[in-house]
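One structure is given here, and the rest of the page talks about it.
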Amino acid sequence: MLSIKNLHASIEGTPILRGINLEVKAGEVHAIMGPNGSGKSTLASVLAGREEYEVTEGEVIFQGKELLDLSPEDRAREGVFLAFQYPIEIPGVSTTNFLRTALNQVREYKGLEPLDAVKFLSLMKEKMALVEIDQKLLSRSLNEGFSGGEKKRNEIFQMAMLEPVLSILDETDSGLDIDALRIVSNGVNKLKSEKTATIVVTHYQRLLDYIVPDFVHVLYKGRIVKSGTKELALELEEKGYDWIKEEVDSTATV
Amino acid sequence: MSTLTQQEFVLGLFEAAPATYTSLRQFGKESFYAQGLPSLKAEEYKFTPIAKKLESSLTDFSPAKPVKISAEQVRSAVFAGFEGAVLVFSNGQYLPELSTSVEGISVRLLTENEATPLGTIAKAEKDPFIALNQATFLDGIHISLEKNLAVETPILLLQFHQAQRGQVISPRIWIEAGDFSKATFIDYHISLDNAPYFVNKVVEIKGGIHTDLTYHSLQQEHNQVIEVSNLVTDIQKDSQFTSTQITLSGDMVRNNLTLNLLGSNSVGNMYGIYLLNGKTHVDNHTQVDHTIPHAESNELYKGILADQSRGVFNGKIFVRQIAQKTNAFQQNNNILLSEDAIINTKPQLEIWADDVKCSHGCTVGQLDEEALFYLQARGIDKITAKGLLLYAFAGEVLDKIEVDSLRNHIVEKIQERLGSKF
């Protein structure tokens with residue numbers, strides 16, 4: 001589904017990603033872990049099409065298409081979804097209005113009829129239950145004055161509405177208490193299918209107790225330096241990242 | 001500019017002035033000459049070189065006579081879904097045969113009602129353009145609301161403008177509202193051609209006690225129009241007055257809005273949106289004078305400026321020493337969409353009382369790129385996303401417009417301008 005080859009990206013001339021290779025197949029959950037500043041969020045942003053990052057080398061093929069050639073909106077319409085680490089507050093735009101615009105543009109791209117107000121609302125009701133989000137919250141301005149947990153739930157709610165093929169969760173666990181973490185993870189798990197894939201970017205192993213990964217990759221200095229199964233995450237939780245840094249840094253100096 | 005040029009400028013206007021309100025006109029003329037057209041050194045017109053603009057754009061300084069308007073033109077100009085009375089004007093001249101009447105409201109020509117105390121609220125000695133209008137207006141309208149009259153549907157003042165290059169249109173409107181009356185006016189200018197003409201409008205509103213008046217003004221004439229508009233109102237005890245000023249086009253537009261809070265427990269609201277592109281220059285000068293204790297003023301103007309457009313906002317709040325317990329709030333927010341757009345914004349508070357709540361704030365910024373990316377990342381194209389964000393920015397003011405048909409019309413115009421449907 002997703003094939004990242006030798007991906008290099010920089011911001012304002014500073015290289016952040018230095019050759020990422022990653023293969024993701026339908027039905028899989030991949031966790032990207034790593035110390036702060038290793039490039040985890042950059043990878044998520046580059047995949048979603050954030051303009052500040054300049055891709056200097058490499059390619060990303062998503063369902064047979066060169067993803068990097070697409071605008072952010074076309075990536076979303078093709079089925080890439082980024083759950084933001086810091087969801088943006090937009091005063092004056094209600095979540096409902098925003099999502100209807102988004103959903104209908106995605107449908108138009110796919111050659112589908114727009115949803116009318118009635119169908120849209122019933123779809124919303126169905127998906128709201130998934131993430132236990134309140135309708136009152138959705139009629140308010142997008143994320144404005146939402147708590148950290150509410151914002152993250154709103155991200156997963158949007159994901160449920162847009163039904164992406166590839167979901168990238170960028171530190172979705174940050175700032176969540178254990179109840180919110182459970183609700184958000186449940187939502188993600190219910191949305192998983194044979195046809196979709198999930199990339200979970202996280203610093204901590206905690207989230208992976210709820211969203212169990214098939215593969216765990218450790219990112220350090222812009223490269224994937226170690227890959228394994230969920231046991232690798234447990235090992236990282238126990239031992240921290242220092243042993244990996246040492247391992248990598250010593251090889252690099254040789 | 002020398003005084004001599006200014007005299008030559010307006011000579012044709014003075015000569016063509018009708019023989020009505022003669023002493024009033026004489027005073028207007030004297031006041032005009034005493035003040036002269038404002039030079040760039042005049043603090044009040046510092047950022048808006050209106051005299052220079054008039055001099056370079058106008059060649060034939062004469063009054064524009066009314067032109068024929070058809071019922072069909074009226075029908076197609078009224079907003080979709082509008083319900084209410086329509087008063088039709090051609091170049092400032094009221095056309096009763098095309099207008100609808102409202103029970104309890106008397107509508108008369110100014111020239112047929114010379115007892116109208118013009119100039120007692122909008123004072124000629126305060127502004128040269130008020131003076132010029134007073135000296136040279138052809139005719140205007142006197143609208144009078146009966147005591148206790150509540151008009152639930154809005155009254156549309158449909159102002160058709162059609163003039164030759166350089167001609168001057170001088171609308172003059174006098175509204176007096178009896179005690180306990182309530183009404184909403186919509187002042188809507190429509191240009192019928194593209195000639196560069198000058199509109200010099202004066203609106204005076206004399207409210208009784210316990211009145212509730214709203215005056216919406218929509219400027220969407222063509223981009224050759226030069227306009228100066230003065231709206232002055234006296235707000236009495238227990239009354240509320242609300243103004244919204246929406247400006248979407250024009251060459252150079254200057255709006256002076258003056259609210260005099262004269263009775264306790266009165267409220268003055270001033271709202272505005274300017275959505276500008278091309279080289280349009282729009283200057284909103286507002287002034288609210290708190291002369292008594294326990295009154296309130298609220299002001300919110302929002303600007304979106306693209307291309308090489310230029311905006312000026314100047315909001316004056318006077319709180320006199322006696323005006324204790326005043327609440328006065330002012331806010332002006334701007335988004336610049338291009339590097340060439342300019343905004344000059346200046347809050348100006350003079351507070352002499354010591355027990356008041358006043359706040360003011362100006363912001364100038366760009367479109368929030370993070371928010372834009374967020375919307376795009378959900379599948380919304382960039383133009384629609386921009387439109388959504390700008391609409392949300394202006395929304396706070398649009399929400400103040402309670403007339404659905406007017407608000408929908410403005411939303412449609414904004415969508416057209418931003419090139420997006422949402």
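So you can find residues: chains in the structure tokens are A, B, ... in the order shown, residues in each start at 1, and ligands are numbered from 1 in order.
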### chain A residues near chain B (9 Å cut-off, only C-alpha atoms) as number ranges by chain
A: 48-51, 71-78, 80-82, 84, 87-93, 97-99, 101-106, 158-159, 162
### Task
Skip stretch 30-45 of chain B itself and residues of its chain fewer than 2 positions away, then list as an MDAnalysis selection string all residues within 6 Å of it, counting only C-alpha atoms.
chainID B and resid 27:28 47:49 51 125 128 131:132
### Message
Would you pick out the contacts of B:Phe137 at 12 Å or less, using only C-alpha atoms, so that residues sharing its chain but fewer than 3 positions from it are not included, and give the list as a ChimeraX atom specification?
### Response
/B:13-22,24-25,28-29,62-65,91-93,110-111,118,129-134,140-141,168-173,199-202
Please produce an output containing C-alpha atoms for each residue in the selection, written as a PDB file, in the first residue's frame.
ATOM      1  CA  LEU B  13     -22.203  72.577  -7.830  1.00  0.00           C
ATOM      2  CA  PHE B  14     -22.945  75.805  -6.009  1.00  0.00           C
ATOM      3  CA  GLU B  15     -24.365  77.365  -9.145  1.00  0.00           C
ATOM      4  CA  ALA B  16     -26.707  74.438  -9.705  1.00  0.00           C
ATOM      5  CA  ALA B  17     -28.007  74.366  -6.122  1.00  0.00           C
ATOM      6  CA  PRO B  18     -31.817  74.678  -5.996  1.00  0.00           C
ATOM      7  CA  ALA B  19     -33.479  77.651  -4.371  1.00  0.00           C
ATOM      8  CA  THR B  20     -34.603  75.728  -1.324  1.00  0.00           C
ATOM      9  CA  TYR B  21     -33.229  75.822   2.211  1.00  0.00           C
ATOM     10  CA  THR B  22     -31.439  78.993   1.225  1.00  0.00           C
ATOM     11  CA  LEU B  24     -29.008  76.430   5.300  1.00  0.00           C
ATOM     12  CA  ARG B  25     -27.242  76.227   1.952  1.00  0.00           C
ATOM     13  CA  GLY B  28     -23.063  75.064   4.207  1.00  0.00           C
ATOM     14  CA  LYS B  29     -21.189  77.060   1.614  1.00  0.00           C
ATOM     15  CA  SER B  62     -21.779  69.247 -11.635  1.00  0.00           C
ATOM     16  CA  PRO B  63     -24.733  67.588  -9.958  1.00  0.00           C
ATOM     17  CA  ALA B  64     -26.054  64.354 -11.447  1.00  0.00           C
ATOM     18  CA  LYS B  65     -29.770  64.662 -12.173  1.00  0.00           C
ATOM     19  CA  ASN B  91     -29.114  59.777  -7.810  1.00  0.00           C
ATOM     20  CA  GLY B  92     -30.431  60.742  -4.407  1.00  0.00           C
ATOM     21  CA  GLN B  93     -33.906  61.692  -5.638  1.00  0.00           C
ATOM     22  CA  LEU B 110     -36.973  67.305   1.615  1.00  0.00           C
ATOM     23  CA  THR B 111     -37.802  70.096  -0.798  1.00  0.00           C
ATOM     24  CA  LEU B 118     -31.228  69.563   8.484  1.00  0.00           C
ATOM     25  CA  PHE B 129     -18.147  67.111   2.999  1.00  0.00           C
ATOM     26  CA  ILE B 130     -21.188  67.563   5.206  1.00  0.00           C
ATOM     27  CA  ALA B 131     -20.906  71.268   4.408  1.00  0.00           C
ATOM     28  CA  LEU B 132     -20.606  70.604   0.694  1.00  0.00           C
ATOM     29  CA  ASN B 133     -23.630  68.319   0.712  1.00  0.00           C
ATOM     30  CA  GLN B 134     -25.667  70.841   2.701  1.00  0.00           C
ATOM     31  CA  GLY B 140     -33.504  64.199  -0.391  1.00  0.00           C
ATOM     32  CA  ILE B 141     -35.845  62.383   1.852  1.00  0.00           C
ATOM     33  CA  VAL B 168     -21.574  64.484  -8.155  1.00  0.00           C
ATOM     34  CA  ILE B 169     -24.424  62.677  -6.426  1.00  0.00           C
ATOM     35  CA  SER B 170     -25.394  64.156  -3.078  1.00  0.00           C
ATOM     36  CA  PRO B 171     -27.909  61.961  -1.260  1.00  0.00           C
ATOM     37  CA  ARG B 172     -29.383  63.569   1.820  1.00  0.00           C
ATOM     38  CA  ILE B 173     -31.406  61.508   4.251  1.00  0.00           C
ATOM     39  CA  VAL B 199     -21.095  60.273  -4.113  1.00  0.00           C
ATOM     40  CA  ASN B 200     -21.242  62.628  -1.170  1.00  0.00           C
ATOM     41  CA  LYS B 201     -23.889  61.307   1.182  1.00  0.00           C
ATOM     42  CA  VAL B 202     -25.186  62.632   4.481  1.00  0.00           C
TER      43      VAL B 202
END
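Relative to atom CA of A:Ala83, atom CA of A:Glu171 is found at 8.5 Å.
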For A:Asp249, find every residue with an atom within 10 Å (counting only C-alpha atoms), except residues of its own chain fewer than 6 positions away, and show them as a PDB file with N, CA and C atoms, in the first residue's frame.
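Output below, filename selection35.pdb:
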ATOM      1  N   TYR A 220      15.940   7.229  14.453  1.00  0.00           N
ATOM      2  CA  TYR A 220      16.970   7.997  15.166  1.00  0.00           C
ATOM      3  C   TYR A 220      17.784   8.764  14.137  1.00  0.00           C
ATOM      4  N   LYS A 221      17.948  10.017  14.369  1.00  0.00           N
ATOM      5  CA  LYS A 221      18.689  10.885  13.445  1.00  0.00           C
ATOM      6  C   LYS A 221      18.214  10.745  11.999  1.00  0.00           C
ATOM      7  N   TRP A 243      20.527   2.874  24.703  1.00  0.00           N
ATOM      8  CA  TRP A 243      21.302   1.758  24.136  1.00  0.00           C
ATOM      9  C   TRP A 243      21.270   1.761  22.609  1.00  0.00           C
TER      10      TRP A 243
END
### Query
By how many Å are atom CA of A:Tyr109 and atom CA of A:Pro164 apart?
13.6 Å
### Task
Please identify which residues in stretch 63-154 of chain B DSSP calls helix (DSSP H, G or I) from the backbone, and express them as a count of residues only.
25
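Of note, atom CA of B:Val312 and atom CA of B:Leu367 are spaced 19.2 Å apart.
With only C-alpha atoms taken into account, the protein and nucleic acid residues at most 9 Å from B:Ser181 (excluding it and anything under 3 positions from it in its own chain) are Leu145, Glu146, Lys147, Asn148, Leu149, Ala150, Val151, Ala177, Gly178, Gly207, Gly208, Ile209, His210, Thr211, Asp212 and Leu213 of chain B.
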Using backbone DSSP assignments, extract all strand (DSSP E) residues from stretch 51-212 of chain A; output them as a PDB file with C-alpha atoms, in the first residue's frame.
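Listing of part-v5.pdb after writing:
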ATOM      1  CA  TYR A  53       9.350  20.481   4.494  1.00  0.00           C
ATOM      2  CA  GLU A  54      11.383  20.065   1.372  1.00  0.00           C
ATOM      3  CA  VAL A  55      11.816  16.557   0.092  1.00  0.00           C
ATOM      4  CA  THR A  56      15.349  16.418  -1.256  1.00  0.00           C
ATOM      5  CA  GLU A  57      15.544  12.772  -2.266  1.00  0.00           C
ATOM      6  CA  GLY A  58      13.575   9.569  -2.469  1.00  0.00           C
ATOM      7  CA  GLU A  59      10.050   8.548  -3.316  1.00  0.00           C
ATOM      8  CA  VAL A  60       6.796   7.555  -1.689  1.00  0.00           C
ATOM      9  CA  ILE A  61       4.414   5.324  -3.587  1.00  0.00           C
ATOM     10  CA  PHE A  62       0.890   5.081  -2.203  1.00  0.00           C
ATOM     11  CA  LYS A  65       0.673   6.729  -7.114  1.00  0.00           C
ATOM     12  CA  GLU A  66       3.592   9.030  -6.434  1.00  0.00           C
ATOM     13  CA  VAL A  80      -4.227   9.405   3.635  1.00  0.00           C
ATOM     14  CA  PHE A  81      -5.258  10.747   7.023  1.00  0.00           C
ATOM     15  CA  LEU A  82      -3.011  12.496   9.505  1.00  0.00           C
ATOM     16  CA  ALA A  83      -4.251  12.775  13.070  1.00  0.00           C
ATOM     17  CA  ILE A  90     -10.359  27.375  14.085  1.00  0.00           C
ATOM     18  CA  PRO A  91     -12.782  29.937  15.513  1.00  0.00           C
ATOM     19  CA  GLY A  92     -15.929  30.504  13.487  1.00  0.00           C
ATOM     20  CA  VAL A  93     -15.883  27.183  11.641  1.00  0.00           C
ATOM     21  CA  SER A  94     -18.035  24.479  13.204  1.00  0.00           C
ATOM     22  CA  SER A 141     -16.135  26.086  16.542  1.00  0.00           C
ATOM     23  CA  LEU A 142     -13.555  23.543  15.476  1.00  0.00           C
ATOM     24  CA  LEU A 166      -3.860   4.889   5.574  1.00  0.00           C
ATOM     25  CA  SER A 167      -4.101   6.575   8.972  1.00  0.00           C
ATOM     26  CA  ILE A 168      -1.092   8.240  10.490  1.00  0.00           C
ATOM     27  CA  LEU A 169      -1.478   8.991  14.176  1.00  0.00           C
ATOM     28  CA  ASP A 170       1.070  11.565  15.214  1.00  0.00           C
ATOM     29  CA  ALA A 197      -3.282   0.349   7.463  1.00  0.00           C
ATOM     30  CA  THR A 198      -2.195   2.444  10.418  1.00  0.00           C
ATOM     31  CA  ILE A 199       1.065   4.157  11.265  1.00  0.00           C
ATOM     32  CA  VAL A 200       1.302   5.039  14.932  1.00  0.00           C
ATOM     33  CA  VAL A 201       3.935   7.616  15.763  1.00  0.00           C
TER      34      VAL A 201
END
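For B:Lys357, the set of protein, DNA and RNA residues having any atom at most 8 Å away, when counting only C-alpha atoms and skipping those fewer than 4 positions along the same chain, is Lys325, Thr326, Asn327 and Ala328 of chain B.
Nearest to B:Ile226 of all the residues B:Ile175, B:Leu398, B:Ala195, B:Ala323 is B:Ala195, counting only C-alpha atoms.
When only C-alpha atoms are used to measure the gap to A:Gly27, the shortest distance among A:Ser185, A:Ser147, A:Gln63, A:Thr196 belongs to A:Thr196.
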